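*Asks:* Have a look at this one before I ask anything.
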Amino acid sequence: DVVMIQSPLSLPVTLGQPASISCKSSQSLVHSDGNIYLNWFHQRPGQSPRRLIYKVSNRGSGVPDRFGGSGSGTDFTLKISGVEAEDVGVYYCMQGTYWYTFGQGTKLEIK
Amino acid sequence: EVQLVESGGGLVQPGGSLRLSCAASGFTFSGYWMHWVRQVPGKGLVWVSRINNDGSTTNYADSVQGRFTISRDNAKNTLYLQMNSLRAEDTAVYYCTRDDADWGYFDYWGQGTLVTVSS
């Protein structure tokens with residue numbers, strides 16, 4: 001099974017400051033079709049997950065442009081250019097190249 | 001507007017059965033693969049099962065293989081998860097989510113339904 005490791009697991013951030021979350025996979029996520037199926041989700045307390053980023057760097061519909069995804073192979077990053085209050089919650093990376101596995105989650109809180 | 005609405009959760013004894021439903025609206029249901037993902041309260045997300053557009057292909061996580069059955073009724077725009085031989089470790093919120101193929105697109109999620117397995 002592909003293991004997804006996120007860091008940090010806890011991320012205190014001052015409003016307006018940038019934030020970055022790392023996600024590393026136990027093997028390359030390059031699919032045989034050439035795509036990398038790496039997504040990022042955000043889950044606010046008491047809510048369902050919401051997809052932010054798909055295929056490494058594509059923002060989903062309605063996702064603010066302060067969210068950006070990057071990476072290749074086994075190393076991926078989600079960056080928030082300036083954290084807003086509504087960004088609190090847990091962020092998950094997920095790979096869909098070899099079945100589906102999620103990272104442990106990174107809890108973002110406001111300092 | 002795309003909507004996915006789960007139902008059918010509740011309290012069940014170990015060894016019991018439960019059937020979850022996910023009612024879809026606002027999109028062409030038969031055009032999408034569908035998945036179930038679960039989350040133990042306070043813990044992370046875990047993929048459970050998937051089904052293709054016409055229901056001819058189904059797959060399961062090892063932890064539920066042989067006990068859970070995913071199915072769909074495209075005429076009713078509804079996804080199902082039949083859960084048998086339930087265990088305490090199956091206690092979780094179960095979400096349905098859609099996929100435009102089989103790579104985990106997961107652009108819309110339901111609100112989830114809580115399944116509690118306890119005596």
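By order of appearance in the structure tokens: chains A, B, ..., then residues from 1 within every chain, and ligands from 1 in the order shown.
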Do me a favour and pick out the residues of chain B within 8 Å of chain A, using only C-alpha atoms, as a PyMOL selection string.

*Replies:* chain B and resi 44-47+95+102-112

*Asks:* Could the residues in this selection be saved with all heavy atoms as a compact mmCIF listing (two decimals), in the first residue's frame?

*Replies:*
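Below is the file that was written, part-v3.txt:
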```txt
# COMPACT_ATOMS: atom_id res chain seq x y z
N GLY B 44 -8.61 10.24 10.84
CA GLY B 44 -8.45 10.57 9.43
C GLY B 44 -9.44 9.87 8.51
O GLY B 44 -10.31 9.12 8.93
N LEU B 45 -9.26 10.13 7.23
CA LEU B 45 -10.15 9.60 6.19
C LEU B 45 -9.59 8.29 5.65
O LEU B 45 -8.38 8.16 5.43
CB LEU B 45 -10.26 10.62 5.06
CG LEU B 45 -10.86 11.97 5.46
CD1 LEU B 45 -10.54 13.03 4.40
CD2 LEU B 45 -12.36 11.83 5.64
N VAL B 46 -10.50 7.33 5.41
CA VAL B 46 -10.09 6.03 4.90
C VAL B 46 -11.04 5.60 3.79
O VAL B 46 -12.27 5.59 3.97
CB VAL B 46 -10.11 4.96 6.02
CG1 VAL B 46 -9.76 3.59 5.47
CG2 VAL B 46 -9.16 5.33 7.15
N TRP B 47 -10.48 5.25 2.63
CA TRP B 47 -11.30 4.78 1.53
C TRP B 47 -11.88 3.40 1.84
O TRP B 47 -11.19 2.54 2.38
CB TRP B 47 -10.45 4.73 0.26
CG TRP B 47 -11.18 4.17 -0.91
CD1 TRP B 47 -12.10 4.81 -1.70
CD2 TRP B 47 -11.09 2.84 -1.44
NE1 TRP B 47 -12.56 3.98 -2.68
CE2 TRP B 47 -11.97 2.76 -2.53
CE3 TRP B 47 -10.35 1.71 -1.08
CZ2 TRP B 47 -12.12 1.60 -3.28
CZ3 TRP B 47 -10.50 0.56 -1.82
CH2 TRP B 47 -11.38 0.50 -2.91
N TYR B 95 -19.04 8.67 4.34
CA TYR B 95 -19.32 9.68 3.32
C TYR B 95 -19.39 9.01 1.95
O TYR B 95 -18.60 8.11 1.65
CB TYR B 95 -18.19 10.70 3.25
CG TYR B 95 -17.97 11.54 4.49
CD1 TYR B 95 -16.95 11.25 5.38
CD2 TYR B 95 -18.77 12.67 4.73
CE1 TYR B 95 -16.72 12.04 6.50
CE2 TYR B 95 -18.55 13.46 5.85
CZ TYR B 95 -17.52 13.14 6.72
OH TYR B 95 -17.30 13.92 7.83
N ASP B 102 -11.71 6.90 -12.23
CA ASP B 102 -11.35 6.04 -11.10
C ASP B 102 -10.09 6.52 -10.39
O ASP B 102 -9.38 5.73 -9.79
CB ASP B 102 -11.16 4.60 -11.57
CG ASP B 102 -9.99 4.46 -12.55
OD1 ASP B 102 -9.49 5.51 -13.04
OD2 ASP B 102 -9.59 3.33 -12.85
N TRP B 103 -9.84 7.84 -10.44
CA TRP B 103 -8.58 8.30 -9.87
C TRP B 103 -8.76 9.18 -8.65
O TRP B 103 -7.83 9.80 -8.19
CB TRP B 103 -7.76 9.03 -10.94
CG TRP B 103 -8.46 10.18 -11.60
CD1 TRP B 103 -9.23 10.12 -12.72
CD2 TRP B 103 -8.44 11.55 -11.19
NE1 TRP B 103 -9.69 11.38 -13.03
CE2 TRP B 103 -9.23 12.28 -12.12
CE3 TRP B 103 -7.83 12.25 -10.14
CZ2 TRP B 103 -9.42 13.64 -12.03
CZ3 TRP B 103 -8.03 13.61 -10.05
CH2 TRP B 103 -8.82 14.29 -10.98
N GLY B 104 -9.95 9.23 -8.11
CA GLY B 104 -10.13 9.97 -6.87
C GLY B 104 -10.39 11.44 -7.06
O GLY B 104 -9.84 12.26 -6.34
N TYR B 105 -11.21 11.79 -8.01
CA TYR B 105 -11.56 13.18 -8.29
C TYR B 105 -12.20 13.83 -7.07
O TYR B 105 -11.86 14.94 -6.71
CB TYR B 105 -12.50 13.22 -9.48
CG TYR B 105 -12.68 14.56 -10.15
CD1 TYR B 105 -11.61 15.23 -10.72
CD2 TYR B 105 -13.96 15.13 -10.25
CE1 TYR B 105 -11.80 16.44 -11.37
CE2 TYR B 105 -14.14 16.34 -10.89
CZ TYR B 105 -13.07 16.98 -11.46
OH TYR B 105 -13.25 18.18 -12.10
N PHE B 106 -13.16 13.17 -6.46
CA PHE B 106 -13.76 13.49 -5.16
C PHE B 106 -14.10 14.97 -5.03
O PHE B 106 -13.72 15.61 -4.03
CB PHE B 106 -12.83 13.05 -4.03
CG PHE B 106 -12.60 11.57 -3.95
CD1 PHE B 106 -13.13 10.67 -4.85
CD2 PHE B 106 -11.81 11.05 -2.93
CE1 PHE B 106 -12.91 9.31 -4.76
CE2 PHE B 106 -11.58 9.68 -2.81
CZ PHE B 106 -12.12 8.82 -3.74
N ASP B 107 -14.80 15.51 -6.01
CA ASP B 107 -15.08 16.94 -5.98
C ASP B 107 -16.28 17.32 -5.13
O ASP B 107 -16.40 18.47 -4.71
CB ASP B 107 -15.21 17.52 -7.40
CG ASP B 107 -16.33 16.88 -8.19
OD1 ASP B 107 -16.77 15.77 -7.83
OD2 ASP B 107 -16.75 17.49 -9.19
N TYR B 108 -17.20 16.39 -4.91
CA TYR B 108 -18.34 16.64 -4.05
C TYR B 108 -18.49 15.49 -3.06
O TYR B 108 -18.29 14.33 -3.40
CB TYR B 108 -19.64 16.79 -4.86
CG TYR B 108 -19.75 18.11 -5.56
CD1 TYR B 108 -19.29 18.26 -6.86
CD2 TYR B 108 -20.28 19.22 -4.91
CE1 TYR B 108 -19.38 19.49 -7.51
CE2 TYR B 108 -20.37 20.45 -5.55
CZ TYR B 108 -19.92 20.57 -6.84
OH TYR B 108 -19.99 21.78 -7.48
N TRP B 109 -18.85 15.85 -1.83
CA TRP B 109 -19.03 14.88 -0.75
C TRP B 109 -20.39 15.09 -0.11
O TRP B 109 -20.89 16.22 -0.05
CB TRP B 109 -17.96 15.08 0.32
CG TRP B 109 -16.56 14.83 -0.11
CD1 TRP B 109 -15.84 15.50 -1.06
CD2 TRP B 109 -15.67 13.85 0.43
NE1 TRP B 109 -14.57 15.00 -1.15
CE2 TRP B 109 -14.43 13.98 -0.24
CE3 TRP B 109 -15.78 12.88 1.42
CZ2 TRP B 109 -13.33 13.16 0.03
CZ3 TRP B 109 -14.69 12.07 1.70
CH2 TRP B 109 -13.47 12.22 1.00
N GLY B 110 -20.97 14.03 0.41
CA GLY B 110 -22.17 14.17 1.21
C GLY B 110 -21.82 14.67 2.60
O GLY B 110 -20.65 14.88 2.93
N GLN B 111 -22.85 14.82 3.43
CA GLN B 111 -22.65 15.32 4.79
C GLN B 111 -22.24 14.21 5.76
O GLN B 111 -21.82 14.48 6.88
CB GLN B 111 -23.93 16.01 5.30
CG GLN B 111 -24.98 15.09 5.92
CD GLN B 111 -25.70 14.20 4.90
OE1 GLN B 111 -25.55 14.36 3.68
NE2 GLN B 111 -26.50 13.27 5.41
N GLY B 112 -22.36 12.98 5.31
CA GLY B 112 -21.96 11.85 6.13
C GLY B 112 -23.09 11.29 6.98
O GLY B 112 -24.04 12.00 7.33
```

*Asks:* Excluding same-chain residues fewer than 2 positions from Ser30 (chain B), what lies within 12 Å of it counting only C-alpha atoms, as a ChimeraX atom specification?

*Replies:* /B:24-28,32-34,51-55,72-79,98-101

*Asks:* Given the choices B:Thr91, B:Ser119, B:Thr69, B:Thr97, which gets closest to Lys43 (chain B) if the distance is worked out from only C-alpha atoms?

*Replies:*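 Going through B:Thr91, B:Ser119, B:Thr69, B:Thr97 one by one, the smallest distance to Lys43 (chain B) is for B:Thr91.
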
*Asks:* Rounded to one decimal, what separation in Å do you get between CA of Gly73 (chain A) and CA of Ser26 (chain A)?

*Replies:*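 The value is 10.0 Å.
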
*Asks:* Using DSSP secondary structure from the backbone, list all strand (DSSP E) positions within region 52-117 of chain B, as a list in words.

*Replies:* Thr58, Asn59, Tyr60, Phe68, Thr69, Ile70, Ser71, Arg72, Asp73, Thr78, Leu79, Tyr80, Leu81, Gln82, Met83, Ala92, Val93, Tyr94, Tyr95, Cys96, Thr97, Arg98, Asp99, Thr113, Leu114, Val115, Thr116 and Val117 of chain B

*Asks:* Using DSSP on the backbone coordinates, identify all residues within chain B classified as helix (DSSP H, G or I); present the result as number ranges by chain.

*Replies:* B: 29-31, 88-90

*Asks:* Leaving out Arg66 (chain A) and any residue of its chain fewer than 4 positions from it, which residues lie within 12 Å of it when counting only C-alpha atoms, given as a compact mmCIF listing (two decimals) with all heavy atoms, in the first residue's frame?

*Replies:*
```txt
# COMPACT_ATOMS: atom_id res chain seq x y z
N GLY A 16 -2.93 36.18 8.03
CA GLY A 16 -2.23 36.93 7.01
C GLY A 16 -0.86 36.39 6.64
O GLY A 16 -0.29 36.79 5.62
N GLN A 17 -0.36 35.48 7.47
CA GLN A 17 0.95 34.88 7.18
C GLN A 17 0.81 33.65 6.28
O GLN A 17 -0.25 33.03 6.24
CB GLN A 17 1.66 34.49 8.47
CG GLN A 17 2.07 35.69 9.32
CD GLN A 17 3.02 36.60 8.55
OE1 GLN A 17 4.10 36.19 8.11
NE2 GLN A 17 2.61 37.85 8.37
N PRO A 18 1.88 33.29 5.57
CA PRO A 18 1.82 32.10 4.71
C PRO A 18 1.91 30.81 5.53
O PRO A 18 2.39 30.83 6.68
CB PRO A 18 3.03 32.25 3.80
CG PRO A 18 3.99 33.08 4.59
CD PRO A 18 3.15 34.01 5.42
N ALA A 19 1.45 29.73 4.92
CA ALA A 19 1.53 28.41 5.55
C ALA A 19 1.86 27.38 4.48
O ALA A 19 1.50 27.54 3.31
CB ALA A 19 0.22 28.05 6.23
N SER A 20 2.55 26.33 4.91
CA SER A 20 2.96 25.30 3.98
C SER A 20 2.84 23.93 4.64
O SER A 20 3.22 23.75 5.80
CB SER A 20 4.42 25.55 3.55
OG SER A 20 4.86 24.56 2.66
N LEU A 52 -9.66 20.89 -2.48
CA LEU A 52 -9.02 22.15 -2.83
C LEU A 52 -8.26 22.05 -4.15
O LEU A 52 -8.39 22.89 -5.03
CB LEU A 52 -8.02 22.55 -1.74
CG LEU A 52 -8.55 22.83 -0.34
CD1 LEU A 52 -7.39 23.08 0.61
CD2 LEU A 52 -9.50 24.01 -0.35
N ILE A 53 -7.43 21.03 -4.23
CA ILE A 53 -6.47 20.87 -5.33
C ILE A 53 -6.58 19.45 -5.88
O ILE A 53 -6.70 18.49 -5.11
CB ILE A 53 -5.03 21.09 -4.84
CG1 ILE A 53 -4.85 22.47 -4.19
CG2 ILE A 53 -4.02 20.86 -5.97
CD1 ILE A 53 -4.85 23.62 -5.16
N ARG A 59 -6.51 24.01 -9.04
CA ARG A 59 -7.48 24.42 -8.03
C ARG A 59 -8.89 24.01 -8.44
O ARG A 59 -9.28 24.14 -9.62
CB ARG A 59 -7.44 25.94 -7.84
CG ARG A 59 -6.45 26.40 -6.78
CD ARG A 59 -6.66 27.86 -6.45
NE ARG A 59 -6.55 28.70 -7.64
CZ ARG A 59 -5.41 29.14 -8.14
NH1 ARG A 59 -4.28 28.81 -7.55
NH2 ARG A 59 -5.39 29.89 -9.22
N GLY A 62 -14.18 27.36 -7.40
CA GLY A 62 -14.48 28.19 -6.24
C GLY A 62 -13.39 28.27 -5.20
O GLY A 62 -13.57 28.93 -4.17
N LEU A 78 1.35 21.85 -0.22
CA LEU A 78 0.22 22.76 -0.30
C LEU A 78 0.65 24.06 0.37
O LEU A 78 1.15 24.04 1.50
CB LEU A 78 -1.00 22.19 0.42
CG LEU A 78 -2.22 23.14 0.50
CD1 LEU A 78 -2.86 23.30 -0.87
CD2 LEU A 78 -3.25 22.61 1.50
N LYS A 79 0.47 25.16 -0.33
CA LYS A 79 0.82 26.46 0.24
C LYS A 79 -0.40 27.38 0.27
O LYS A 79 -1.19 27.39 -0.67
CB LYS A 79 1.95 27.11 -0.57
CG LYS A 79 3.27 26.38 -0.42
CD LYS A 79 4.40 27.11 -1.15
CE LYS A 79 5.72 26.38 -0.93
NZ LYS A 79 6.83 27.00 -1.67
N ILE A 80 -0.50 28.10 1.38
CA ILE A 80 -1.52 29.13 1.52
C ILE A 80 -0.76 30.45 1.61
O ILE A 80 0.08 30.62 2.51
CB ILE A 80 -2.38 28.91 2.78
CG1 ILE A 80 -2.93 27.48 2.83
CG2 ILE A 80 -3.53 29.91 2.81
CD1 ILE A 80 -3.65 27.12 4.12
N SER A 81 -1.03 31.35 0.70
CA SER A 81 -0.20 32.56 0.61
C SER A 81 -0.44 33.51 1.78
O SER A 81 0.48 34.22 2.20
CB SER A 81 -0.45 33.28 -0.72
OG SER A 81 -1.81 33.63 -0.83
N GLY A 82 -1.64 33.55 2.30
CA GLY A 82 -1.95 34.40 3.45
C GLY A 82 -3.17 33.81 4.16
O GLY A 82 -4.27 33.85 3.61
N VAL A 83 -2.94 33.24 5.32
CA VAL A 83 -4.01 32.50 6.00
C VAL A 83 -5.13 33.42 6.47
O VAL A 83 -4.88 34.49 7.04
CB VAL A 83 -3.42 31.72 7.19
CG1 VAL A 83 -4.53 31.15 8.08
CG2 VAL A 83 -2.53 30.57 6.69
N GLU A 84 -6.36 32.96 6.22
CA GLU A 84 -7.55 33.67 6.70
C GLU A 84 -8.24 32.82 7.76
O GLU A 84 -8.00 31.62 7.86
CB GLU A 84 -8.48 33.98 5.53
CG GLU A 84 -7.83 34.86 4.48
CD GLU A 84 -8.83 35.35 3.42
OE1 GLU A 84 -10.03 35.08 3.57
OE2 GLU A 84 -8.36 36.02 2.47
N ASP A 87 -9.71 29.39 7.10
CA ASP A 87 -8.81 28.31 6.68
C ASP A 87 -8.50 27.32 7.80
O ASP A 87 -7.81 26.32 7.57
CB ASP A 87 -7.49 28.88 6.14
CG ASP A 87 -7.69 29.77 4.92
OD1 ASP A 87 -8.74 29.62 4.24
OD2 ASP A 87 -6.82 30.62 4.65
```

*Asks:* Closest to Ile70 (chain B) among B:Val48, B:Val40, B:Val115, B:Leu11, using only C-alpha atoms?

*Replies:*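 Of B:Val48, B:Val40, B:Val115, B:Leu11, the one nearest Ile70 (chain B), counting only C-alpha atoms, is B:Val48.
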